[in-house]
Amino acid sequence: MAMGALGMTHPAPLRGEISKTSTIFRYCLNTSTISGQNLGLLKYVEIASKAGYHGIEVWVRDVEAALKEGHTLSSLKSYIDDHGLKVESAIGFAPWMTEGEAGFIQMEQEMALLAGVGCLRIAAPPAGVSADEALDLFAVGEKYKQLLDLGRNTGVMPQLEFWGSSQVLWHLGQVLMIAAAADDPDVKILPDVYHMFRGGSGFNALKMLDGNLIEIFHMNDYPSSKPREQQDDADRIFPGDGVAPMNQILTDLKNMGGEKILSLELFNRAYWEEDPLLVARNGLAKMKSLVMEIV
């Protein structure tokens, strides 16, 4: 897939300059965007820093792999700090919504691990939930409240995530119900352009939300060349390169108030074959260009 001209002709500004674009938005690189070559956590950190991001969104498996290579949590944290980045969030798949304690135990272990590298948040998706029965949203709300207690204890706060292709938790309305059932002041949700489109949520409900509910928003786009129900993660493209109503989305995020971390999360195999630093820079440039249209 050809790279857009924007990121190639105008190098991304330094991190210190990004704040001049907007006082509302910060920029983060989810390492899935450049993960096709399996470069490892340290290289992802180096690329995110060189590209000019404020922060990085890591995957639990990459932190674990770095530890197996002989690094320590403290050395990893120092490396990330030295590169001027915050670990804004992490992606893991602990089955916390399922019956029993195993999922909670795994989530607590992952939170403790991530706290060691200075991570602030972790995604809490419907991993491992069977599609055989409808999800009891009230019961999940109670579980999420318990998960928030774990977050407060570890310092790594769980962000409710829904997957557009999930058979049990695919819609923004469902996670809003879970958040309401939890009845906790620290509830947070983790929306994603692709997942909102893929699951049929649409984007108009963003106007209904208070800014405190969203801290991280996954940025990507989707093409018009494939029916919604047939699209998958690999179809995600750079923000602004597809048909998502980006102006509307970003305007609503701005208007709801609060700082928003825009995290570029892609799984596009064509991008995985290209220079990862160029991909990271191009994605940042595209996000900044879209934000400039609404500030």
# chains A, B, ... in the order shown; residues from 1 in each chain; ligands from 1

call {"tool": "residues_around", "arguments": {"residues": "Gln37 (chain A)", "least_positions_apart": "5", "cutoff": "12 Å", "atoms": "only C-alpha atoms", "output": "PyMOL selection string"}}
result
chain A and resi 31-32+43-44+267+269-276

call {"tool": "write_last_selection", "arguments": {"atoms": "N, CA and C atoms", "output": "PDB file, in the first residue's frame"}}
result
ATOM      1  N   THR A  31       1.791  -0.269  19.685  1.00  0.00           N
ATOM      2  CA  THR A  31       2.864  -0.956  18.975  1.00  0.00           C
ATOM      3  C   THR A  31       2.372  -1.991  17.975  1.00  0.00           C
ATOM      4  N   SER A  32       1.076  -2.324  17.995  1.00  0.00           N
ATOM      5  CA  SER A  32       0.538  -3.211  16.966  1.00  0.00           C
ATOM      6  C   SER A  32       0.757  -2.625  15.577  1.00  0.00           C
ATOM      7  N   LYS A  43      12.865  -1.706  20.616  1.00  0.00           N
ATOM      8  CA  LYS A  43      12.855  -1.073  19.302  1.00  0.00           C
ATOM      9  C   LYS A  43      11.572  -0.276  19.102  1.00  0.00           C
ATOM     10  N   TYR A  44      10.440  -0.792  19.604  1.00  0.00           N
ATOM     11  CA  TYR A  44       9.189  -0.038  19.506  1.00  0.00           C
ATOM     12  C   TYR A  44       9.301   1.292  20.236  1.00  0.00           C
ATOM     13  N   PHE A 267      -3.411  -2.809  12.296  1.00  0.00           N
ATOM     14  CA  PHE A 267      -2.929  -4.181  12.101  1.00  0.00           C
ATOM     15  C   PHE A 267      -2.782  -4.454  10.603  1.00  0.00           C
ATOM     16  N   ARG A 269      -1.305  -5.324   7.270  1.00  0.00           N
ATOM     17  CA  ARG A 269      -0.143  -6.117   6.869  1.00  0.00           C
ATOM     18  C   ARG A 269       0.729  -5.405   5.839  1.00  0.00           C
ATOM     19  N   ALA A 270       0.128  -4.543   5.038  1.00  0.00           N
ATOM     20  CA  ALA A 270       0.923  -3.771   4.079  1.00  0.00           C
ATOM     21  C   ALA A 270       1.851  -2.815   4.813  1.00  0.00           C
ATOM     22  N   TYR A 271       1.358  -2.165   5.868  1.00  0.00           N
ATOM     23  CA  TYR A 271       2.200  -1.272   6.649  1.00  0.00           C
ATOM     24  C   TYR A 271       3.313  -2.053   7.354  1.00  0.00           C
ATOM     25  N   TRP A 272       3.007  -3.278   7.783  1.00  0.00           N
ATOM     26  CA  TRP A 272       3.999  -4.090   8.481  1.00  0.00           C
ATOM     27  C   TRP A 272       5.217  -4.396   7.606  1.00  0.00           C
ATOM     28  N   GLU A 273       5.054  -4.322   6.300  1.00  0.00           N
ATOM     29  CA  GLU A 273       6.163  -4.615   5.390  1.00  0.00           C
ATOM     30  C   GLU A 273       6.990  -3.373   5.066  1.00  0.00           C
ATOM     31  N   GLU A 274       6.537  -2.214   5.515  1.00  0.00           N
ATOM     32  CA  GLU A 274       7.225  -0.960   5.214  1.00  0.00           C
ATOM     33  C   GLU A 274       8.130  -0.558   6.375  1.00  0.00           C
ATOM     34  N   ASP A 275       8.907   0.472   6.160  1.00  0.00           N
ATOM     35  CA  ASP A 275       9.799   0.962   7.202  1.00  0.00           C
ATOM     36  C   ASP A 275       8.978   1.398   8.417  1.00  0.00           C
ATOM     37  N   PRO A 276       9.205   0.784   9.583  1.00  0.00           N
ATOM     38  CA  PRO A 276       8.333   1.071  10.737  1.00  0.00           C
ATOM     39  C   PRO A 276       8.414   2.511  11.226  1.00  0.00           C
TER      40      PRO A 276
END

call {"tool": "residues_around", "arguments": {"residues": "Asp183 (chain A)", "least_positions_apart": "5", "cutoff": "9 Å", "atoms": "only C-alpha atoms", "output": "PDB file with N, CA and C atoms, in the first residue's frame"}}
result
ATOM      1  N   GLY A 141     -20.904  -5.503  35.129  1.00  0.00           N
ATOM      2  CA  GLY A 141     -20.698  -4.237  35.818  1.00  0.00           C
ATOM      3  C   GLY A 141     -20.145  -4.440  37.221  1.00  0.00           C
ATOM      4  N   GLU A 142     -20.665  -5.456  37.931  1.00  0.00           N
ATOM      5  CA  GLU A 142     -20.158  -5.752  39.266  1.00  0.00           C
ATOM      6  C   GLU A 142     -18.703  -6.216  39.199  1.00  0.00           C
ATOM      7  N   LYS A 145     -16.412  -3.269  38.586  1.00  0.00           N
ATOM      8  CA  LYS A 145     -16.166  -2.501  39.805  1.00  0.00           C
ATOM      9  C   LYS A 145     -15.049  -3.152  40.626  1.00  0.00           C
ATOM     10  N   ILE A 178     -22.541  -1.370  31.138  1.00  0.00           N
ATOM     11  CA  ILE A 178     -21.630  -1.956  32.119  1.00  0.00           C
ATOM     12  C   ILE A 178     -21.057  -0.871  33.034  1.00  0.00           C
TER      13      ILE A 178
END

call {"tool": "residues_around", "arguments": {"residues": "Pro227 (chain A)", "least_positions_apart": "4", "cutoff": "12 Å", "atoms": "only C-alpha atoms", "output": "PyMOL selection string"}}
result
chain A and resi 197-198+200+222-223+231-232+235

call {"tool": "write_last_selection", "arguments": {"atoms": "C-alpha atoms", "output": "JSON list (two decimals), in the first residue's frame"}}
result
[["chain", "number", "residue", "atom", "x", "y", "z"],
["A", 197, "PHE", "CA", -17.94, 1.03, 12.85],
["A", 198, "ARG", "CA", -17.61, -2.76, 12.76],
["A", 200, "GLY", "CA", -22.67, -0.94, 14.24],
["A", 222, "TYR", "CA", -11.78, 1.85, 7.42],
["A", 223, "PRO", "CA", -12.23, 1.58, 3.66],
["A", 231, "GLN", "CA", -14.07, -6.20, 7.61],
["A", 232, "ASP", "CA", -11.50, -7.31, 10.16],
["A", 235, "ASP", "CA", -8.47, -3.78, 7.04]]

call {"tool": "atom_distance", "arguments": {"atom1": "CA of Pro185 (chain A)", "atom2": "CA of Leu148 (chain A)"}}
result
9.6 Å

call {"tool": "residues_around", "arguments": {"residues": "Leu120 (chain A)", "least_positions_apart": "4", "cutoff": "9 Å", "atoms": "only C-alpha atoms", "output": "list in words"}}
result
Lys86, Val87, Glu88, Ser89, Ala90, Leu114, Ala115, Gly155, Val156 and Met157 of chain A

call {"tool": "select_by_dssp", "arguments": {"residues": "region 134-217 of chain A", "states": "helix (DSSP H, G or I)", "output": "number ranges by chain"}}
result
A: 137-154, 172-182, 193-198, 204-208, 211-213

call {"tool": "write_last_selection", "arguments": {"atoms": "N, CA and C atoms", "output": "compact mmCIF listing (two decimals), in the first residue's frame"}}
result
# COMPACT_ATOMS: atom_id res chain seq x y z
N LEU A 137 -25.00 -7.95 31.50
CA LEU A 137 -24.30 -6.69 31.63
C LEU A 137 -24.27 -6.17 33.07
N PHE A 138 -25.31 -6.49 33.85
CA PHE A 138 -25.31 -6.11 35.27
C PHE A 138 -24.21 -6.85 36.01
N ALA A 139 -24.08 -8.14 35.75
CA ALA A 139 -23.05 -8.95 36.41
C ALA A 139 -21.66 -8.49 36.01
N VAL A 140 -21.49 -8.16 34.73
CA VAL A 140 -20.18 -7.67 34.27
C VAL A 140 -19.88 -6.32 34.92
N GLY A 141 -20.90 -5.50 35.13
CA GLY A 141 -20.70 -4.24 35.82
C GLY A 141 -20.14 -4.44 37.22
N GLU A 142 -20.67 -5.46 37.93
CA GLU A 142 -20.16 -5.75 39.27
C GLU A 142 -18.70 -6.22 39.20
N LYS A 143 -18.40 -7.04 38.19
CA LYS A 143 -17.02 -7.49 38.02
C LYS A 143 -16.09 -6.32 37.69
N TYR A 144 -16.59 -5.43 36.86
CA TYR A 144 -15.75 -4.29 36.49
C TYR A 144 -15.45 -3.42 37.70
N LYS A 145 -16.41 -3.27 38.59
CA LYS A 145 -16.17 -2.50 39.81
C LYS A 145 -15.05 -3.15 40.63
N GLN A 146 -15.06 -4.48 40.69
CA GLN A 146 -13.98 -5.18 41.39
C GLN A 146 -12.64 -4.99 40.67
N LEU A 147 -12.70 -4.96 39.34
CA LEU A 147 -11.49 -4.76 38.56
C LEU A 147 -10.92 -3.36 38.81
N LEU A 148 -11.79 -2.39 38.97
CA LEU A 148 -11.34 -1.03 39.28
C LEU A 148 -10.63 -0.99 40.64
N ASP A 149 -11.10 -1.81 41.59
CA ASP A 149 -10.40 -1.90 42.87
C ASP A 149 -8.97 -2.40 42.68
N LEU A 150 -8.81 -3.41 41.81
CA LEU A 150 -7.47 -3.91 41.49
C LEU A 150 -6.62 -2.80 40.86
N GLY A 151 -7.26 -2.03 40.00
CA GLY A 151 -6.55 -0.94 39.36
C GLY A 151 -6.07 0.10 40.35
N ARG A 152 -6.93 0.45 41.28
CA ARG A 152 -6.54 1.44 42.28
C ARG A 152 -5.40 0.90 43.16
N ASN A 153 -5.41 -0.40 43.41
CA ASN A 153 -4.36 -1.00 44.24
C ASN A 153 -3.02 -1.06 43.52
N THR A 154 -3.06 -1.26 42.21
CA THR A 154 -1.82 -1.42 41.45
C THR A 154 -1.37 -0.13 40.77
N LEU A 172 -21.11 0.10 21.62
CA LEU A 172 -20.86 1.15 22.60
C LEU A 172 -21.93 1.17 23.68
N GLY A 173 -23.18 0.97 23.29
CA GLY A 173 -24.26 0.98 24.27
C GLY A 173 -24.09 -0.07 25.36
N GLN A 174 -23.50 -1.21 25.01
CA GLN A 174 -23.29 -2.26 26.00
C GLN A 174 -22.26 -1.86 27.06
N VAL A 175 -21.15 -1.25 26.61
CA VAL A 175 -20.14 -0.87 27.60
C VAL A 175 -20.63 0.31 28.45
N LEU A 176 -21.48 1.15 27.89
CA LEU A 176 -22.06 2.22 28.69
C LEU A 176 -22.97 1.64 29.77
N MET A 177 -23.68 0.56 29.44
CA MET A 177 -24.51 -0.11 30.43
C MET A 177 -23.64 -0.73 31.53
N ILE A 178 -22.54 -1.37 31.14
CA ILE A 178 -21.63 -1.96 32.12
C ILE A 178 -21.06 -0.87 33.03
N ALA A 179 -20.66 0.24 32.43
CA ALA A 179 -20.10 1.34 33.22
C ALA A 179 -21.13 1.87 34.21
N ALA A 180 -22.39 1.99 33.77
CA ALA A 180 -23.44 2.48 34.67
C ALA A 180 -23.69 1.49 35.79
N ALA A 181 -23.69 0.19 35.46
CA ALA A 181 -23.93 -0.84 36.48
C ALA A 181 -22.81 -0.89 37.50
N ALA A 182 -21.59 -0.54 37.10
CA ALA A 182 -20.47 -0.55 38.04
C ALA A 182 -20.62 0.53 39.10
N VAL A 193 -12.24 3.66 16.57
CA VAL A 193 -12.97 4.00 15.35
C VAL A 193 -13.44 2.73 14.63
N TYR A 194 -12.53 1.80 14.42
CA TYR A 194 -12.87 0.57 13.71
C TYR A 194 -13.95 -0.22 14.44
N HIS A 195 -13.79 -0.40 15.74
CA HIS A 195 -14.76 -1.20 16.49
C HIS A 195 -16.14 -0.54 16.53
N MET A 196 -16.18 0.78 16.60
CA MET A 196 -17.47 1.46 16.59
C MET A 196 -18.16 1.26 15.25
N PHE A 197 -17.39 1.29 14.18
CA PHE A 197 -17.94 1.03 12.85
C PHE A 197 -18.32 -0.44 12.69
N ARG A 198 -17.41 -1.33 13.01
CA ARG A 198 -17.61 -2.76 12.76
C ARG A 198 -18.79 -3.33 13.53
N ASN A 204 -22.61 8.86 16.55
CA ASN A 204 -23.39 9.96 17.09
C ASN A 204 -23.50 9.94 18.61
N ALA A 205 -23.36 8.76 19.21
CA ALA A 205 -23.47 8.67 20.67
C ALA A 205 -22.32 9.37 21.38
N LEU A 206 -21.22 9.63 20.67
CA LEU A 206 -20.12 10.35 21.31
C LEU A 206 -20.57 11.70 21.85
N LYS A 207 -21.59 12.30 21.21
CA LYS A 207 -22.10 13.59 21.67
C LYS A 207 -22.75 13.49 23.05
N MET A 208 -23.12 12.28 23.46
CA MET A 208 -23.82 12.08 24.72
C MET A 208 -22.88 11.93 25.91
N GLY A 211 -16.65 13.98 29.17
CA GLY A 211 -15.25 13.83 28.84
C GLY A 211 -14.47 12.98 29.82
N ASN A 212 -14.92 12.86 31.06
CA ASN A 212 -14.20 12.05 32.04
C ASN A 212 -14.27 10.56 31.74
N LEU A 213 -15.19 10.16 30.88
CA LEU A 213 -15.37 8.73 30.60
C LEU A 213 -14.32 8.18 29.66

call {"tool": "select_by_dssp", "arguments": {"residues": "region 54-201 of chain A", "states": "strand (DSSP E or B)", "output": "PyMOL selection string"}}
result
chain A and resi 55-59+86-91+121-124+157-160+189+192
